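See structure below.
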Amino acid sequence: MAAPAYPAWVGRWVSGQWRQRKRPPLVRPTRPLVLADKVANRRETAGDATCITEMSVMMACWKQNDFNDTACAKEIQMFYDCVARAEKERRENEDEETLSPQRNLTSSKVNKLLRRFPNITRYA
């Protein structure tokens with residue numbers, strides 16, 4: 001009985017020649033490998049609520065005095081002062097965290113940096 005006739009690839013596979021000709025797979029990206037001009041806007045985490053006690057005192061005063069601003073001027077001024085302090089602290093913290101390595105950048109800051117330093121699309 002005659003030996004069966006196998007295709008040519010079977011002989012290469014059995015002898016191990018297929019390993020020598022095998023090349024690594026080609027990487028073909030679906031998009032160009034460059035940074036985009038902007039990132040998606042992500043919702044920033046909400047900060048802690050500030051001035052809650054001052055606001056509740058002001059609203060209680062309004063309720064007691066039939067929403068009369070003149071009778072609650074001291075409480076209203078305390079609330080406005082608290083809001084101004086909180087806004088000042090928030091701006092100081094924002095200035096300190098412009099490029100701090102401890103925290104991730106917000107999407108608005110990343111977009112601002114990408115506008116300042118765009119991709120080089122052509123070579124000189």
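Labels for the structure tokens follow display order: chains A, B, ..., residues from 1 in each chain, ligands from 1.
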Neighbouring residues of region 106-122 of chain A were defined as those with any atom within 9 Å, considering only C-alpha atoms; residues of the same chain fewer than 3 positions away were excluded. Please report them as an NGL selection string.
:A and (34-44 or 98)
For the selection you just gave me, I'd like the residues written to a file as a compact mmCIF listing (two decimals), in the first residue's frame, keeping C-alpha atoms.
```
# COMPACT_ATOMS: atom_id res chain seq x y z
CA VAL A 34 -1.18 60.82 18.07
CA LEU A 35 -2.88 62.62 20.92
CA ALA A 36 -6.26 64.12 20.18
CA ASP A 37 -6.73 67.89 20.25
CA LYS A 38 -9.13 67.63 23.18
CA VAL A 39 -10.51 65.18 25.70
CA ALA A 40 -14.12 64.50 26.63
CA ASN A 41 -15.61 66.71 29.30
CA ARG A 42 -16.02 64.69 32.46
CA ARG A 43 -18.15 65.73 35.36
CA GLU A 44 -15.94 66.81 38.19
CA THR A 98 -2.48 73.61 38.36
```
Write out as number ranges by chain which residues come within 12 Å of Cys82 (chain A) when counting only C-alpha atoms, dropping same-chain ones fewer than 5 positions away.
A: 49-55, 58, 75-77, 87-89
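For the atom pair formed by CA of Val57 (chain A) and CA of Thr70 (chain A), the distance is 14.9 Å, given to one decimal.
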